[in-house]
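Source file: final_36.txt; contents: compact mmCIF, C-alpha atoms.
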# COMPACT_ATOMS: atom_id res chain seq x y z
CA MET A 96 -48.01 17.99 44.67
CA THR A 97 -44.42 16.90 44.99
CA HIS A 98 -42.32 15.49 42.22
CA ALA A 99 -42.21 12.00 43.69
CA GLN A 100 -45.95 11.73 43.77
CA GLU A 101 -46.23 12.53 40.08
CA HIS A 102 -44.86 9.13 39.26
CA THR A 103 -47.38 7.22 41.29
CA SER A 104 -50.45 6.16 39.40
CA HIS A 105 -53.64 8.18 39.67
CA THR A 106 -55.81 5.55 38.03
CA LYS A 107 -58.22 5.40 40.93
CA LEU A 108 -58.79 9.14 40.89
CA ILE A 109 -59.31 9.08 37.11
CA TRP A 110 -62.06 6.47 37.33
CA LYS A 111 -63.65 8.35 40.20
CA VAL A 112 -63.76 11.54 38.12
CA PHE A 113 -65.18 9.56 35.20
CA ALA A 114 -67.92 8.24 37.49
CA ILE A 115 -68.75 11.78 38.66
CA LEU A 116 -68.87 13.12 35.09
CA SER A 117 -71.07 10.20 33.99
CA VAL A 118 -73.52 10.69 36.83
CA ILE A 119 -73.78 14.42 36.11
CA THR A 120 -74.34 13.77 32.40
CA LEU A 121 -77.00 11.16 33.14
CA ALA A 122 -78.74 13.57 35.50
CA GLU A 123 -78.67 16.29 32.85
CA VAL A 124 -80.09 13.99 30.19
CA ALA A 125 -82.80 12.66 32.51
CA LEU A 126 -83.83 16.20 33.44
CA GLY A 127 -83.67 17.30 29.81
CA ILE A 128 -85.95 14.48 28.65
CA THR A 129 -88.50 14.57 31.47
CA LYS A 130 -88.49 18.36 31.93
CA PRO A 131 -90.42 18.40 35.22
CA ALA A 132 -93.04 21.16 35.00
CA SER A 133 -92.14 22.51 38.44
CA LEU A 134 -88.60 23.21 37.22
CA TYR A 135 -89.29 23.90 33.54
CA LEU A 136 -92.31 26.22 33.60
CA THR A 137 -91.47 28.29 36.66
CA LYS A 138 -89.17 31.26 36.68
CA ILE A 139 -86.22 32.22 38.82
CA LEU A 140 -83.48 34.81 38.15
CA GLY A 141 -84.90 35.53 34.71
CA THR A 142 -84.93 31.93 33.51
CA SER A 143 -86.28 28.53 34.54
CA PRO A 144 -84.76 26.69 37.55
CA LEU A 145 -84.00 23.86 35.12
CA ASN A 146 -81.69 26.13 33.10
CA ILE A 147 -79.90 27.21 36.28
CA ILE A 148 -79.39 23.55 37.21
CA PHE A 149 -77.98 22.81 33.75
CA LEU A 150 -75.58 25.76 33.94
CA VAL A 151 -74.34 24.81 37.42
CA LEU A 152 -73.85 21.16 36.41
CA THR A 153 -71.95 22.29 33.30
CA VAL A 154 -69.57 24.40 35.36
CA VAL A 155 -69.08 21.48 37.78
CA LYS A 156 -68.20 19.22 34.85
CA ALA A 157 -65.82 21.84 33.47
CA TYR A 158 -64.15 22.03 36.89
CA TYR A 159 -63.59 18.27 37.06
CA ILE A 160 -62.23 18.08 33.51
CA THR A 161 -59.87 21.02 34.00
CA TRP A 162 -58.67 20.14 37.49
CA PHE A 163 -58.28 16.37 37.24
CA PHE A 164 -58.07 15.46 33.55
CA MET A 165 -55.96 18.44 32.53
CA HIS A 166 -54.11 18.26 35.88
CA MET A 167 -54.68 21.93 36.65
CA ALA A 168 -54.67 20.90 40.32
CA ASP A 169 -50.99 19.94 39.97
CA GLU A 170 -49.90 23.19 38.31
CA LYS A 171 -48.48 26.15 40.18
CA LYS A 172 -51.01 28.59 41.57
CA SER A 173 -49.64 31.33 39.31
CA LEU A 174 -50.26 29.36 36.10
CA ARG A 175 -53.67 28.25 37.30
CA ARG A 176 -54.75 31.80 38.03
CA ALA A 177 -53.26 33.19 34.82
CA VAL A 178 -55.36 30.77 32.78
CA VAL A 179 -58.53 30.25 34.81
CA TRP A 180 -59.15 33.75 36.11
CA THR A 181 -58.52 35.30 32.69
CA ALA A 182 -60.99 32.96 31.04
CA VAL A 183 -63.64 33.24 33.75
CA PHE A 184 -63.49 37.01 33.87
CA LEU A 185 -63.55 37.60 30.11
CA ILE A 186 -66.26 35.02 29.43
CA ILE A 187 -68.56 36.36 32.14
CA PHE A 188 -67.95 39.89 30.91
CA LEU A 189 -68.74 39.00 27.29
CA ALA A 190 -71.75 36.83 28.11
CA THR A 191 -73.28 39.44 30.40
CA LEU A 192 -73.12 42.21 27.83
CA LEU A 193 -74.32 40.03 24.96
CA LEU A 194 -77.25 38.57 26.88
CA ILE A 195 -78.37 41.96 28.18
CA GLU A 196 -78.27 43.31 24.64
CA GLY A 197 -80.12 40.23 23.35
CA SER A 198 -82.93 40.76 25.85
CA TYR A 199 -83.12 44.41 24.86
CA LEU A 200 -83.38 43.48 21.17
CA ASN A 201 -86.18 41.09 22.05
CA ASP A 202 -88.02 43.73 24.06
CA ILE A 203 -87.89 46.12 21.12
CA LEU A 204 -88.36 43.65 18.28
CA GLY A 205 -90.84 41.24 19.88
CA PRO A 206 -93.93 43.51 19.80
CA LEU A 207 -93.18 44.46 16.17
CA THR A 208 -93.13 40.87 14.90
CA LYS A 209 -96.27 39.80 13.08
CA TRP A 210 -97.65 36.44 14.14
CA ASN A 211 -101.16 36.46 12.70
CA TYR A 212 -102.01 36.39 9.01
CA MET B 154 -20.50 35.49 20.55
CA GLU B 155 -21.58 32.94 23.01
CA VAL B 156 -22.91 29.79 21.49
CA THR B 157 -25.82 28.04 23.05
CA ILE B 158 -25.00 24.40 23.04
CA PRO B 159 -28.20 22.41 23.15
CA THR B 160 -26.90 19.88 25.61
CA GLU B 161 -29.65 20.29 28.11
CA ASN B 162 -32.35 21.08 25.63
CA ASN B 163 -34.64 18.12 26.02
CA GLY B 164 -37.60 19.90 24.50
CA THR B 165 -39.05 21.07 27.78
CA SER B 166 -36.55 23.64 29.02
CA TRP B 167 -36.52 27.36 28.40
CA LYS B 168 -33.26 28.46 26.80
CA GLY B 169 -31.59 31.07 28.93
CA GLY B 170 -31.41 29.71 32.40
CA ASN B 171 -32.93 27.07 34.50
CA GLU B 172 -35.87 29.18 35.64
CA LYS B 173 -39.23 27.96 34.42
CA PRO B 174 -41.83 30.73 34.37
CA LEU B 175 -44.98 29.66 36.21
CA GLY B 176 -43.28 26.38 36.97
CA ALA B 177 -44.18 24.90 33.62
CA SER B 178 -42.12 23.84 30.64
CA TYR B 179 -42.24 26.01 27.54
CA GLY B 180 -44.46 23.67 25.57
CA LYS B 181 -46.92 23.02 28.33
CA MET B 182 -47.33 26.67 29.24
CA MET B 183 -47.81 27.64 25.59
CA MET B 184 -50.40 24.88 25.22
CA TRP B 185 -52.25 26.33 28.20
CA PHE B 186 -52.27 29.81 26.70
CA PHE B 187 -53.33 28.48 23.32
CA ILE B 188 -56.19 26.70 25.08
CA LEU B 189 -57.09 29.93 26.86
CA SER B 190 -57.29 31.83 23.57
CA ASP B 191 -59.23 29.02 21.92
CA ALA B 192 -61.65 28.97 24.85
CA LEU B 193 -62.25 32.67 24.30
CA THR B 194 -62.88 32.03 20.59
CA PHE B 195 -65.51 29.45 21.42
CA SER B 196 -66.98 31.81 24.02
CA GLY B 197 -67.32 34.41 21.30
CA PHE B 198 -69.25 31.98 19.11
CA LEU B 199 -71.45 30.70 21.91
CA GLY B 200 -71.95 34.28 23.08
CA ALA B 201 -73.14 35.28 19.62
CA TYR B 202 -75.49 32.31 19.68
CA GLY B 203 -76.77 33.48 23.07
CA LEU B 204 -77.31 37.00 21.73
CA MET B 205 -79.43 35.75 18.83
CA ARG B 206 -81.25 33.30 21.02
CA PHE B 207 -82.20 35.98 23.52
CA LYS B 208 -83.20 38.23 20.65
CA PHE B 209 -85.60 35.59 19.29
CA HIS B 210 -86.27 33.73 22.51
CA ASP B 211 -90.04 33.71 21.87
CA SER B 212 -89.65 31.86 18.57
CA TRP B 213 -86.38 29.88 18.76
CA PRO B 214 -86.52 26.19 17.68
CA ILE B 215 -86.91 23.72 20.56
CA ALA B 216 -83.90 21.37 20.47
CA ASP B 217 -85.93 18.42 21.70
CA GLU B 218 -88.04 18.61 18.57
CA VAL B 219 -85.07 18.96 16.25
CA PHE B 220 -82.67 16.22 17.32
CA THR B 221 -84.88 13.18 17.77
CA HIS B 222 -83.08 10.45 15.85
CA PHE B 223 -81.29 7.39 17.13
CA PRO B 224 -79.53 4.78 14.96
CA PHE B 225 -81.69 1.77 14.08
CA LEU B 226 -84.74 3.26 15.79
CA HIS B 227 -86.61 4.67 12.83
CA GLY B 228 -89.57 6.90 13.49
CA LEU B 229 -89.11 6.71 17.24
CA HIS B 230 -89.11 10.03 19.04
CA ALA B 231 -85.83 9.83 20.95
CA PRO B 232 -84.76 13.33 21.96
CA MET B 233 -81.28 13.76 23.40
CA TYR B 234 -80.41 10.06 23.63
CA TYR B 235 -78.04 10.24 20.71
CA VAL B 236 -76.25 13.39 21.80
CA ALA B 237 -75.98 11.93 25.30
CA LEU B 238 -74.25 8.91 23.75
CA MET B 239 -71.89 11.22 21.85
CA THR B 240 -71.09 13.03 25.09
CA PHE B 241 -70.24 9.72 26.75
CA ILE B 242 -68.00 8.69 23.87
CA LEU B 243 -66.07 11.94 24.16
CA ILE B 244 -65.81 11.81 27.95
CA PHE B 245 -64.63 8.23 27.73
CA SER B 246 -61.97 9.09 25.17
CA SER B 247 -60.87 11.80 27.59
CA VAL B 248 -60.52 9.13 30.29
CA THR B 249 -58.37 6.91 28.06
CA MET B 250 -56.28 9.98 27.19
CA VAL B 251 -55.64 10.81 30.84
CA LEU B 252 -54.83 7.14 31.45
CA ALA B 253 -52.25 7.37 28.66
CA VAL B 254 -50.73 10.45 30.31
CA ASP B 255 -50.70 8.58 33.61
CA ALA B 256 -48.96 5.59 32.03
CA GLY B 257 -46.48 8.02 30.47
CA HIS B 258 -45.51 9.24 33.92
CA GLN B 259 -44.62 5.65 34.77
CA MET B 260 -42.70 5.27 31.49
CA ASN B 261 -44.93 2.37 30.54
CA LYS B 262 -44.72 2.37 26.76
CA ALA B 263 -47.14 -0.51 26.16
CA LYS B 264 -49.88 1.09 28.23
CA VAL B 265 -49.40 4.52 26.62
CA THR B 266 -49.70 2.91 23.20
CA PHE B 267 -52.85 1.04 24.13
CA TYR B 268 -54.62 4.02 25.70
CA MET B 269 -53.60 6.35 22.87
CA LEU B 270 -55.13 3.89 20.44
CA LEU B 271 -58.39 3.81 22.41
CA THR B 272 -58.44 7.60 22.46
CA ILE B 273 -58.01 7.79 18.69
CA ILE B 274 -60.82 5.26 18.18
CA GLY B 275 -63.09 7.22 20.54
CA GLY B 276 -62.39 10.42 18.63
CA ALA B 277 -63.11 8.74 15.31
CA ILE B 278 -66.43 7.36 16.61
CA PHE B 279 -67.38 10.81 17.83
CA LEU B 280 -66.63 12.32 14.42
CA GLY B 281 -68.74 9.67 12.73
CA SER B 282 -71.57 10.35 15.15
CA GLN B 283 -71.41 14.02 14.42
CA ALA B 284 -71.55 13.36 10.69
CA TRP B 285 -74.68 11.28 11.26
CA GLU B 286 -76.23 14.05 13.36
CA TRP B 287 -75.51 16.54 10.58
CA LYS B 288 -76.97 14.21 7.98
CA ASN B 289 -80.25 13.96 9.88
CA PHE B 290 -80.41 17.69 10.41
CA ILE B 291 -79.66 18.43 6.75
CA ASN B 292 -82.20 15.91 5.45
CA GLY B 293 -84.86 16.98 7.91
CA THR B 294 -87.71 15.02 9.41
CA TYR B 295 -91.12 16.46 8.61
CA GLY B 296 -90.81 19.16 6.00
CA ALA B 297 -92.36 22.60 6.40
CA VAL B 298 -93.53 25.64 4.48
CA LYS B 299 -91.76 28.97 4.41
CA LEU B 300 -93.76 32.19 4.32
CA ASN B 301 -92.90 35.31 2.34
CA ASP B 302 -91.34 36.97 5.37
CA GLY B 303 -89.18 33.93 6.11
CA LYS B 304 -91.24 32.43 8.94
CA ILE B 305 -91.71 28.68 9.01
CA ILE B 306 -95.00 26.88 9.49
CA GLN B 307 -95.17 23.19 10.32
CA PHE B 308 -98.06 20.74 10.15
CA VAL B 309 -99.62 18.93 13.10
CA ASP B 310 -102.40 16.39 13.48
CA ALA B 311 -105.43 16.70 15.76
CA SER B 312 -103.41 15.69 18.83
CA GLY B 313 -100.84 18.41 18.18
CA GLU B 314 -98.08 15.99 17.10
CA GLN B 315 -96.03 17.11 14.14
CA ILE B 316 -96.64 15.16 10.93
CA THR B 317 -94.56 14.71 7.79
CA LEU B 318 -95.53 16.23 4.46
CA GLU B 319 -95.64 12.75 2.92
CA SER B 320 -98.34 11.69 5.36
CA PHE B 321 -100.96 14.07 3.95
CA VAL B 322 -99.80 15.66 0.69
CA LYS B 323 -101.15 14.08 -2.49
CA SER B 324 -99.08 14.49 -5.60
CA GLN B 325 -100.93 16.15 -8.48
CA HIS B 326 -98.59 15.10 -11.27
CA SER B 327 -97.78 18.64 -12.28
CA GLU B 328 -94.81 19.21 -14.52
CA ARG B 329 -91.93 21.01 -12.88
CA THR B 330 -88.44 20.72 -14.29
CA GLN B 331 -85.37 21.56 -12.33
CA HIS B 332 -83.67 24.71 -13.47
CA THR B 333 -80.08 24.05 -14.45
CA ALA B 334 -77.39 26.48 -15.53
CA ASN B 335 -77.51 25.45 -19.20
CA LYS B 336 -81.23 26.25 -19.48
CA GLY B 337 -81.08 29.81 -18.20
CA ILE B 338 -80.07 33.07 -19.79
CA TRP B 339 -77.95 33.80 -16.78
CA PHE B 340 -75.62 31.44 -14.99
CA VAL B 341 -77.91 30.38 -12.19
CA LYS B 342 -79.27 27.04 -11.17
CA GLU B 343 -81.42 25.75 -8.36
CA ALA B 344 -80.82 23.04 -5.79
CA ALA B 345 -82.71 19.76 -5.95
CA LEU B 346 -86.47 20.18 -6.22
CA PRO B 347 -88.51 19.59 -3.07
CA PRO B 348 -90.61 16.39 -3.27
CA PHE B 349 -93.86 18.38 -3.40
CA THR B 350 -94.82 21.66 -4.96
CA LEU B 351 -96.20 24.39 -2.76
CA ASN B 352 -99.56 24.14 -4.50
CA GLU B 353 -99.84 20.43 -3.71
CA VAL B 354 -99.15 21.09 -0.04
CA VAL B 355 -101.72 23.90 0.17
CA GLU B 356 -104.44 21.95 -1.69
CA SER B 357 -103.86 18.81 0.39
CA PHE B 358 -104.03 20.87 3.56
CA LYS B 359 -107.37 22.37 2.55
CA ALA B 360 -108.72 18.90 1.76
CA ASN B 361 -107.73 17.59 5.19
CA PRO B 362 -109.73 19.27 7.99
CA GLY B 363 -108.05 17.06 10.60
CA ILE B 364 -104.68 18.77 10.35
CA SER B 365 -103.64 22.24 11.37
CA ILE B 366 -100.50 24.35 11.34
CA ARG B 367 -98.03 25.33 13.97
CA THR B 368 -96.11 28.61 14.01
CA GLU B 369 -92.69 29.30 15.47
CA LEU B 370 -94.17 31.43 18.25
CA ILE B 371 -93.64 29.88 21.70
CA ASN B 372 -96.36 30.17 24.31
CA PRO B 373 -94.52 31.39 27.43
CA GLU B 374 -96.93 29.53 29.74
CA THR B 375 -96.48 26.06 28.25
CA LYS B 376 -93.18 26.63 26.40
CA ALA B 377 -94.71 24.93 23.37
CA LYS B 378 -95.14 26.22 19.83
CA THR B 379 -98.47 27.87 19.03
CA ILE B 380 -100.95 25.77 17.05
CA ILE B 381 -103.36 27.60 14.75
CA PRO B 382 -106.77 25.89 14.22
CA HIS B 383 -107.44 24.57 10.72
CA ASN B 384 -110.02 27.18 9.76
CA GLU B 385 -107.76 30.07 10.77
CA SER B 386 -104.77 28.72 8.88
CA ILE B 387 -105.73 29.95 5.44
CA GLY B 388 -104.25 33.40 6.03
CA PHE B 389 -100.88 31.78 6.66
CA LEU B 390 -101.09 29.60 3.56
CA ASN B 391 -101.89 32.64 1.42
CA GLU B 392 -98.47 33.95 2.47
CA ALA B 393 -96.71 30.67 1.68
CA LYS B 394 -93.64 30.97 -0.48
CA SER B 395 -91.90 27.60 -0.70
CA VAL B 396 -91.64 24.06 0.63
CA VAL B 397 -88.66 23.48 2.93
CA MET B 398 -87.12 20.07 3.51
CA GLY B 399 -84.37 19.83 6.09
CA ALA B 400 -81.93 22.51 7.07
CA ASN B 401 -79.06 24.33 5.41
CA LEU B 402 -77.48 27.75 5.63
CA ARG B 403 -80.37 29.41 3.78
CA GLU B 404 -83.45 27.77 5.25
CA ASN B 405 -84.38 25.49 8.10
CA GLU B 406 -87.57 23.46 8.36
CA TYR B 407 -87.33 23.52 12.17
CA GLY B 408 -87.62 27.30 12.40
CA LYS B 409 -85.08 30.08 12.46
CA THR B 410 -82.37 29.82 9.82
CA LEU B 411 -79.99 31.36 12.36
CA PHE B 412 -80.36 28.21 14.45
CA ALA B 413 -79.05 26.14 11.54
CA ASN B 414 -76.28 28.66 10.86
CA PHE B 415 -75.04 28.56 14.44
CA PHE B 416 -75.46 24.81 14.67
CA PHE B 417 -73.38 24.19 11.56
CA PHE B 418 -70.77 26.75 12.48
CA ILE B 419 -70.24 25.92 16.15
CA THR B 420 -70.53 22.12 15.98
CA GLY B 421 -68.55 22.29 12.75
CA PHE B 422 -65.79 24.31 14.38
CA HIS B 423 -65.79 21.93 17.31
CA GLY B 424 -65.78 18.92 14.96
CA PHE B 425 -62.79 20.42 13.18
CA HIS B 426 -61.02 20.63 16.54
CA VAL B 427 -61.83 16.97 17.15
CA LEU B 428 -60.53 16.09 13.70
CA SER B 429 -57.24 17.93 14.23
CA GLY B 430 -57.04 16.37 17.71
CA VAL B 431 -57.39 12.90 16.21
CA ILE B 432 -54.70 13.66 13.62
CA ILE B 433 -52.29 15.01 16.26
CA ASN B 434 -53.08 12.00 18.46
CA ILE B 435 -52.23 9.67 15.57
CA ILE B 436 -48.88 11.42 15.04
CA ILE B 437 -48.05 11.14 18.74
CA PHE B 438 -49.29 7.55 18.75
CA PHE B 439 -46.74 6.59 16.12
CA ASN B 440 -44.04 8.54 17.92
CA VAL B 441 -44.81 6.48 21.02
CA ILE B 442 -44.59 3.26 19.02
CA ILE B 443 -41.21 4.07 17.47
CA GLY B 444 -39.92 4.98 20.93
CA THR B 445 -39.27 8.71 20.48
CA TYR B 446 -40.39 9.55 24.01
CA GLU B 447 -38.77 6.47 25.50
CA ARG B 448 -35.43 7.79 24.17
CA ARG B 449 -36.26 11.35 25.23
CA GLY B 450 -36.75 10.09 28.76
CA HIS B 451 -40.23 11.48 29.33
CA TYR B 452 -43.71 11.46 27.83
CA GLU B 453 -44.49 15.15 28.14
CA MET B 454 -45.61 15.30 24.52
CA VAL B 455 -48.43 12.90 25.36
CA GLU B 456 -49.35 15.22 28.20
CA LYS B 457 -49.48 18.22 25.86
CA VAL B 458 -51.72 16.61 23.26
CA GLY B 459 -53.72 15.31 26.21
CA LEU B 460 -54.33 18.91 27.29
CA TYR B 461 -55.65 19.73 23.84
CA TRP B 462 -57.81 16.63 23.76
CA HIS B 463 -59.37 17.37 27.13
CA PHE B 464 -60.02 20.91 26.01
CA VAL B 465 -61.99 19.59 23.03
CA ASP B 466 -64.03 17.54 25.50
CA LEU B 467 -64.48 20.61 27.69
CA VAL B 468 -65.84 22.64 24.79
CA TRP B 469 -68.27 19.85 23.93
CA VAL B 470 -69.63 19.98 27.49
CA PHE B 471 -70.60 23.60 26.85
CA VAL B 472 -71.88 23.02 23.31
CA PHE B 473 -74.01 20.18 24.67
CA THR B 474 -75.49 22.45 27.34
CA PHE B 475 -76.23 25.41 25.12
CA PHE B 476 -77.49 23.59 22.02
CA TYR B 477 -79.33 20.66 23.53
CA LEU B 478 -80.22 21.32 27.15
CA VAL B 479 -80.86 24.97 27.93

Whole structure given in structure tokens:
Amino acid sequence: MTHAQEHTSHTKLIWKVFAILSVITLAEVALGITKPASLYLTKILGTSPLNIIFLVLTVVKAYYITWFFMHMADEKKSLRRAVVWTAVFLIIFLATLLLIEGSYLNDILGPLTKWNY
Amino acid sequence: MEVTIPTENNGTSWKGGNEKPLGASYGKMMMWFFILSDALTFSGFLGAYGLMRFKFHDSWPIADEVFTHFPFLHGLHAPMYYVALMTFILIFSSVTMVLAVDAGHQMNKAKVTFYMLLTIIGGAIFLGSQAWEWKNFINGTYGAVKLNDGKIIQFVDASGEQITLESFVKSQHSERTQHTANKGIWFVKEAALPPFTLNEVVESFKANPGISIRTELINPETKAKTIIPHNESIGFLNEAKSVVMGANLRENEYGKTLFANFFFFITGFHGFHVLSGVIINIIIFFNVIIGTYERRGHYEMVEKVGLYWHFVDLVWVFVFTFFYLV
């Protein structure tokens, strides 16, 4: 984006992004309250399809906030990559290890937990 | 020695040449890297939450059953509505913030002031909402009984709906004084007494064949907590240790104490970010009013606090997903 454009107003884009974020949030809440059995009680990739939908929608929201509210789209590619790639890589790395270990703990601990008295 | 004369130092330049690394001013780039490190901090917390949740995924509290309050709708089961409202408040305050930044680019002082004010109000409303959410969580809804090994059992009616202790427990007028520090031989005291003694709860349960108990264990087929029939419940009640009302760092009537620990810590840490964001926004707001940035010739400071404010919103998006949705 050139310097001259920075001084023109982006109000329209801002309201558009707000509309997108609102629609996504409403969809999330509607799904979270109704919890359709076909999405909630079935399994895909180790979790329910509903959880996958929530995760994808969350990342989409994060993208819109970062790119258009925080103006990451207007920054230089080098700054964008330094921040975004670092975060994405480290977070995925950490989450993967922690969740694998959590499942392992559950596999080991679950059968040992007493549930009848 | 060469003296650096701060003629061109308008707060955005790097001293030592006109090159701007990564094409950003010093302050903006540092704000980005602060945000990066803060994002990793939050990831650590949410990752720890994920670890514990996977570890106990067959007995973790179900968020829909925990956060069911909405202002002025007493007794109504309203899962998620309130937190959805909070999310909207925060997203909207992000919109007013970005509108303030936008107005700053056009050097429109009146508009920046107005939108900054709206942002501050939005942040304050969010903080108040969070306090209300905490209050409900701390006070609890139904009450429960803790077993000797720390597990929680809750009470349900014949249709499987959870019921409050007040709805079935009859008081037996037993004497029970609160232990305070001046009555003991050692400097210990206890928190406020629960409204019912354990014995009252157990006796009332036995007298009421229509009610049964619910354990923390989740049935993987239905993803609902397991209900134990009334006549099989006695083994659980023999293990009962104490009555639990609400949630704190030591016990949680909704299930795992860890859930309460993580809830208080992560939403608390986020709330503290919102609080500091509001304070910084107020400082910048007054700077806008007295014309600091008008004289400086640009509103980059508004942009920088805007980055922080949007980041707080961004974190909430993830907290919302992992605590309330998933």

For chain A against chain B, which residues fall within 8 Å using only C-alpha atoms, given as a PDB file with C-alpha atoms, keeping the file's coordinate frame?
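Output (out-v8.pdb):
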ATOM      1  CA  GLU A 101     -46.230  12.530  40.080  1.00  0.00           C
ATOM      2  CA  HIS A 102     -44.860   9.130  39.260  1.00  0.00           C
ATOM      3  CA  THR A 103     -47.380   7.220  41.290  1.00  0.00           C
ATOM      4  CA  SER A 104     -50.450   6.160  39.400  1.00  0.00           C
ATOM      5  CA  HIS A 105     -53.640   8.180  39.670  1.00  0.00           C
ATOM      6  CA  THR A 106     -55.810   5.550  38.030  1.00  0.00           C
ATOM      7  CA  ILE A 109     -59.310   9.080  37.110  1.00  0.00           C
ATOM      8  CA  TRP A 110     -62.060   6.470  37.330  1.00  0.00           C
ATOM      9  CA  PHE A 113     -65.180   9.560  35.200  1.00  0.00           C
ATOM     10  CA  LEU A 116     -68.870  13.120  35.090  1.00  0.00           C
ATOM     11  CA  SER A 117     -71.070  10.200  33.990  1.00  0.00           C
ATOM     12  CA  THR A 120     -74.340  13.770  32.400  1.00  0.00           C
ATOM     13  CA  LEU A 121     -77.000  11.160  33.140  1.00  0.00           C
ATOM     14  CA  GLU A 123     -78.670  16.290  32.850  1.00  0.00           C
ATOM     15  CA  VAL A 124     -80.090  13.990  30.190  1.00  0.00           C
ATOM     16  CA  GLY A 127     -83.670  17.300  29.810  1.00  0.00           C
ATOM     17  CA  ILE A 128     -85.950  14.480  28.650  1.00  0.00           C
ATOM     18  CA  LEU A 136     -92.310  26.220  33.600  1.00  0.00           C
ATOM     19  CA  LEU A 145     -84.000  23.860  35.120  1.00  0.00           C
ATOM     20  CA  ASN A 146     -81.690  26.130  33.100  1.00  0.00           C
ATOM     21  CA  PHE A 149     -77.980  22.810  33.750  1.00  0.00           C
ATOM     22  CA  LEU A 150     -75.580  25.760  33.940  1.00  0.00           C
ATOM     23  CA  THR A 153     -71.950  22.290  33.300  1.00  0.00           C
ATOM     24  CA  LYS A 156     -68.200  19.220  34.850  1.00  0.00           C
ATOM     25  CA  ALA A 157     -65.820  21.840  33.470  1.00  0.00           C
ATOM     26  CA  ILE A 160     -62.230  18.080  33.510  1.00  0.00           C
ATOM     27  CA  THR A 161     -59.870  21.020  34.000  1.00  0.00           C
ATOM     28  CA  PHE A 164     -58.070  15.460  33.550  1.00  0.00           C
ATOM     29  CA  MET A 165     -55.960  18.440  32.530  1.00  0.00           C
ATOM     30  CA  GLU A 170     -49.900  23.190  38.310  1.00  0.00           C
ATOM     31  CA  LYS A 171     -48.480  26.150  40.180  1.00  0.00           C
ATOM     32  CA  SER A 173     -49.640  31.330  39.310  1.00  0.00           C
ATOM     33  CA  LEU A 174     -50.260  29.360  36.100  1.00  0.00           C
ATOM     34  CA  VAL A 178     -55.360  30.770  32.780  1.00  0.00           C
ATOM     35  CA  ALA A 182     -60.990  32.960  31.040  1.00  0.00           C
ATOM     36  CA  LEU A 185     -63.550  37.600  30.110  1.00  0.00           C
ATOM     37  CA  ILE A 186     -66.260  35.020  29.430  1.00  0.00           C
ATOM     38  CA  LEU A 189     -68.740  39.000  27.290  1.00  0.00           C
ATOM     39  CA  ALA A 190     -71.750  36.830  28.110  1.00  0.00           C
ATOM     40  CA  LEU A 193     -74.320  40.030  24.960  1.00  0.00           C
ATOM     41  CA  LEU A 194     -77.250  38.570  26.880  1.00  0.00           C
ATOM     42  CA  GLU A 196     -78.270  43.310  24.640  1.00  0.00           C
ATOM     43  CA  GLY A 197     -80.120  40.230  23.350  1.00  0.00           C
ATOM     44  CA  SER A 198     -82.930  40.760  25.850  1.00  0.00           C
ATOM     45  CA  TYR A 199     -83.120  44.410  24.860  1.00  0.00           C
ATOM     46  CA  LEU A 200     -83.380  43.480  21.170  1.00  0.00           C
ATOM     47  CA  ASN A 201     -86.180  41.090  22.050  1.00  0.00           C
ATOM     48  CA  LEU A 204     -88.360  43.650  18.280  1.00  0.00           C
ATOM     49  CA  GLY A 205     -90.840  41.240  19.880  1.00  0.00           C
ATOM     50  CA  TRP A 210     -97.650  36.440  14.140  1.00  0.00           C
ATOM     51  CA  ASN A 211    -101.160  36.460  12.700  1.00  0.00           C
ATOM     52  CA  TYR A 212    -102.010  36.390   9.010  1.00  0.00           C
TER      53      TYR A 212
END

Shell around Phe308 in chain B at 8 Å using all atoms listed in the file, local window under 6 positions removed, as number ranges by chain: B: 297, 315-318, 364-367

Two-atom distance - CA of Asn434 in chain B, CA of Asn261 in chain B (Å):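 Between CA of Asn434 in chain B and CA of Asn261 in chain B the gap works out to 17.5 Å.
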
Test item: residues at most 12 Å from Val396 in chain B, all atoms listed in the file, excluding those fewer than 3 positions along its chain, as number ranges by chain: B: 295-301, 303-308, 318, 322, 345-355, 390, 393, 399-400, 404-406

Test item: residues at most 12 Å from range 282-293 of chain B, only C-alpha atoms, excluding those fewer than 4 positions along its chain, as a PyMOL selection string: chain B and resi 216+218-224+227+233-243+275-278+297+317-318+347+397-408+412-414+416-418+420-425+427-428+469

How big is the axis-aligned box around all listed atoms of range 189-202 of chain A once 6 Å goes on each side, and where's its centre, in Å to one decimal, as JSON?
{"center_x": -78.4, "center_y": 40.6, "center_z": 25.8, "size_x": 31.3, "size_y": 19.6, "size_z": 21.2}

For CA of Asn361 in chain B and CA of Lys394 in chain B, the interatomic separation in Å (one decimal): 20.2 Å

Interatomic distance (Å, one decimal) between CA of Phe279 in chain B and CA of Val183 in chain A: 27.8 Å

Residue nearest Arg448 in chain B - candidates B:Lys262, B:Ser320, B:Lys181, B:Val472, atoms counted: only C-alpha atoms: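 Among the listed residues, the smallest separation from Arg448 in chain B belongs to B:Lys262.
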